Structures are given as structure tokens and as C-alpha cells.
Amino acid sequence: MATHDAAQPTEFPPRMGKVAPRELALNGYTRYDQLTSVTSAQLLRIHGVGPKAIRILEEELAARGLAFADS
């Protein structure tokens, strides 16, 4: 189970807020390429990651020619 210690820095944009990037990092996601092996539904199960964060991540992934596993 993830603890709420200091999270690793992430590549994710500040416009996501503070909670979503922190919780993603605590669950092992700190880079965009890591998100290509997970579905958006799986990420939505992480506390603090909501539809807004998913939308932003989808935009950022698309800008890099990447997508979630379910896209």
C-alpha cells in the first residue's frame, strides 16, 4: 500500500494541481511513457486522480504521440 511520504518529482504539468501528480508518483507513475501501459480507468481508481487530471494527461500524451492503454 502506498504511503504518503514525499513523492518523486514528475513530468506532469502544474495545471493538474498538486494532489494528482503526487498520488500518481506514490503509485509509481512519474513519466508519460509509464502511462501507456495503464488504462484511464485504472488511473481514476487512484485517490486524487479525477476526470480533469485524465483529460490533461490525455492531451499531454497526445502531444507526445502517446496514449493510455485503452485509447
# chains A, B, ... in the order shown; residues from 1 in each chain; ligands from 1

call {"tool": "residues_around", "arguments": {"residues": "region 38-54 of chain A", "least_positions_apart": "5", "cutoff": "7 Å", "atoms": "only C-alpha atoms", "output": "list of chain:residue names"}}
result
A:Met16, A:Val19, A:Ala20, A:Glu23, A:Phe68, A:Ala69, A:Asp70

call {"tool": "write_last_selection", "arguments": {"atoms": "N, CA and C atoms", "output": "PDB file, in the first residue's frame"}}
result
ATOM      1  N   MET A  16      -2.282  20.451 -13.442  1.00  0.00           N
ATOM      2  CA  MET A  16      -3.019  19.321 -12.854  1.00  0.00           C
ATOM      3  C   MET A  16      -3.290  19.551 -11.374  1.00  0.00           C
ATOM      4  N   VAL A  19      -2.320  17.477  -5.986  1.00  0.00           N
ATOM      5  CA  VAL A  19      -2.718  16.156  -5.499  1.00  0.00           C
ATOM      6  C   VAL A  19      -2.524  15.062  -6.540  1.00  0.00           C
ATOM      7  N   ALA A  20      -3.034  15.260  -7.759  1.00  0.00           N
ATOM      8  CA  ALA A  20      -2.963  14.202  -8.769  1.00  0.00           C
ATOM      9  C   ALA A  20      -1.523  13.785  -9.077  1.00  0.00           C
ATOM     10  N   GLU A  23      -0.126  11.807  -6.069  1.00  0.00           N
ATOM     11  CA  GLU A  23      -0.705  10.470  -5.935  1.00  0.00           C
ATOM     12  C   GLU A  23      -0.253   9.545  -7.060  1.00  0.00           C
ATOM     13  N   PHE A  68      -3.032   6.418 -23.489  1.00  0.00           N
ATOM     14  CA  PHE A  68      -3.290   5.413 -22.473  1.00  0.00           C
ATOM     15  C   PHE A  68      -3.481   4.060 -23.155  1.00  0.00           C
ATOM     16  N   ALA A  69      -3.369   2.988 -22.409  1.00  0.00           N
ATOM     17  CA  ALA A  69      -3.512   1.636 -22.956  1.00  0.00           C
ATOM     18  C   ALA A  69      -4.880   1.404 -23.577  1.00  0.00           C
ATOM     19  N   ASP A  70      -5.913   2.087 -23.100  1.00  0.00           N
ATOM     20  CA  ASP A  70      -7.260   1.870 -23.620  1.00  0.00           C
ATOM     21  C   ASP A  70      -7.639   2.832 -24.741  1.00  0.00           C
TER      22      ASP A  70
END

call {"tool": "select_by_dssp", "arguments": {"residues": "chain A", "states": "helix (DSSP H, G or I)", "output": "PyMOL selection string"}}
result
chain A and resi 14-16+19-26+32-37+40-44+51-63

call {"tool": "residues_around", "arguments": {"residues": "Glu60 (chain A)", "least_positions_apart": "5", "cutoff": "10 Å", "atoms": "only C-alpha atoms", "output": "list in words"}}
result
Phe12, Pro13, Tyr32, Ile54, Arg55, Gly65, Leu66 and Ala67 of chain A

call {"tool": "write_last_selection", "arguments": {"atoms": "N, CA and C atoms", "output": "PDB file, in the first residue's frame"}}
result
ATOM      1  N   PHE A  12       4.629  15.637 -15.039  1.00  0.00           N
ATOM      2  CA  PHE A  12       3.275  16.105 -15.263  1.00  0.00           C
ATOM      3  C   PHE A  12       3.140  17.608 -15.005  1.00  0.00           C
ATOM      4  N   PRO A  13       2.270  18.283 -15.776  1.00  0.00           N
ATOM      5  CA  PRO A  13       2.184  19.742 -15.729  1.00  0.00           C
ATOM      6  C   PRO A  13       1.564  20.282 -14.443  1.00  0.00           C
ATOM      7  N   TYR A  32       5.481  10.228 -18.578  1.00  0.00           N
ATOM      8  CA  TYR A  32       4.412   9.982 -19.544  1.00  0.00           C
ATOM      9  C   TYR A  32       4.486   8.585 -20.145  1.00  0.00           C
ATOM     10  N   ILE A  54      -7.205  13.241 -15.876  1.00  0.00           N
ATOM     11  CA  ILE A  54      -7.170  12.320 -17.012  1.00  0.00           C
ATOM     12  C   ILE A  54      -7.210  13.104 -18.321  1.00  0.00           C
ATOM     13  N   ARG A  55      -8.067  14.103 -18.404  1.00  0.00           N
ATOM     14  CA  ARG A  55      -8.166  14.919 -19.619  1.00  0.00           C
ATOM     15  C   ARG A  55      -6.838  15.603 -19.918  1.00  0.00           C
ATOM     16  N   GLY A  65       2.646  12.009 -28.945  1.00  0.00           N
ATOM     17  CA  GLY A  65       2.401  10.846 -29.793  1.00  0.00           C
ATOM     18  C   GLY A  65       2.148   9.582 -29.008  1.00  0.00           C
ATOM     19  N   LEU A  66       1.674   9.722 -27.777  1.00  0.00           N
ATOM     20  CA  LEU A  66       1.412   8.593 -26.879  1.00  0.00           C
ATOM     21  C   LEU A  66      -0.070   8.559 -26.517  1.00  0.00           C
ATOM     22  N   ALA A  67      -0.490   7.484 -25.864  1.00  0.00           N
ATOM     23  CA  ALA A  67      -1.869   7.359 -25.409  1.00  0.00           C
ATOM     24  C   ALA A  67      -1.938   6.350 -24.265  1.00  0.00           C
TER      25      ALA A  67
END

call {"tool": "residues_around", "arguments": {"residues": "Glu11 (chain A)", "least_positions_apart": "4", "cutoff": "9 Å", "atoms": "only C-alpha atoms", "output": "list in words"}}
result
Pro21, Thr30, Arg31 and Tyr32 of chain A

call {"tool": "write_last_selection", "arguments": {"atoms": "N, CA and C atoms", "output": "compact mmCIF listing (two decimals), in the first residue's frame"}}
result
# COMPACT_ATOMS: atom_id res chain seq x y z
N PRO A 21 -0.60 14.72 -9.37
CA PRO A 21 0.77 14.29 -9.63
C PRO A 21 1.41 13.58 -8.43
N THR A 30 5.60 8.51 -12.79
CA THR A 30 6.27 9.81 -12.76
C THR A 30 6.58 10.33 -14.16
N ARG A 31 6.44 9.45 -15.19
CA ARG A 31 6.76 9.83 -16.56
C ARG A 31 5.59 9.47 -17.49
N TYR A 32 5.48 10.23 -18.58
CA TYR A 32 4.41 9.98 -19.54
C TYR A 32 4.49 8.59 -20.14

call {"tool": "atom_distance", "arguments": {"atom1": "CA of Glu58 (chain A)", "atom2": "CA of Asp33 (chain A)"}}
result
12.0 Å

call {"tool": "atom_distance", "arguments": {"atom1": "CA of Leu24 (chain A)", "atom2": "CA of Pro9 (chain A)"}}
result
10.3 Å

call {"tool": "residues_around", "arguments": {"residues": "Ala25 (chain A)", "least_positions_apart": "3", "cutoff": "6 Å", "atoms": "only C-alpha atoms", "output": "list in words"}}
result
Ala7, Gln8, Arg22, Gly28, Tyr29 and Thr30 of chain A

call {"tool": "write_last_selection", "arguments": {"atoms": "N, CA and C atoms", "output": "PDB file, in the first residue's frame"}}
result
ATOM      1  N   ALA A   7       6.703  12.453  -2.442  1.00  0.00           N
ATOM      2  CA  ALA A   7       6.662  11.779  -3.723  1.00  0.00           C
ATOM      3  C   ALA A   7       7.825  12.234  -4.599  1.00  0.00           C
ATOM      4  N   GLN A   8       8.156  11.391  -5.564  1.00  0.00           N
ATOM      5  CA  GLN A   8       9.187  11.738  -6.527  1.00  0.00           C
ATOM      6  C   GLN A   8       8.669  12.855  -7.434  1.00  0.00           C
ATOM      7  N   ARG A  22       1.124  14.062  -7.248  1.00  0.00           N
ATOM      8  CA  ARG A  22       1.673  13.421  -6.044  1.00  0.00           C
ATOM      9  C   ARG A  22       1.166  11.993  -5.919  1.00  0.00           C
ATOM     10  N   GLY A  28       3.755   5.030  -8.447  1.00  0.00           N
ATOM     11  CA  GLY A  28       4.789   4.605  -9.382  1.00  0.00           C
ATOM     12  C   GLY A  28       4.777   5.248 -10.751  1.00  0.00           C
ATOM     13  N   TYR A  29       3.934   6.251 -10.966  1.00  0.00           N
ATOM     14  CA  TYR A  29       3.847   6.924 -12.266  1.00  0.00           C
ATOM     15  C   TYR A  29       4.450   8.324 -12.164  1.00  0.00           C
ATOM     16  N   THR A  30       5.604   8.508 -12.785  1.00  0.00           N
ATOM     17  CA  THR A  30       6.269   9.812 -12.762  1.00  0.00           C
ATOM     18  C   THR A  30       6.583  10.332 -14.159  1.00  0.00           C
TER      19      THR A  30
END
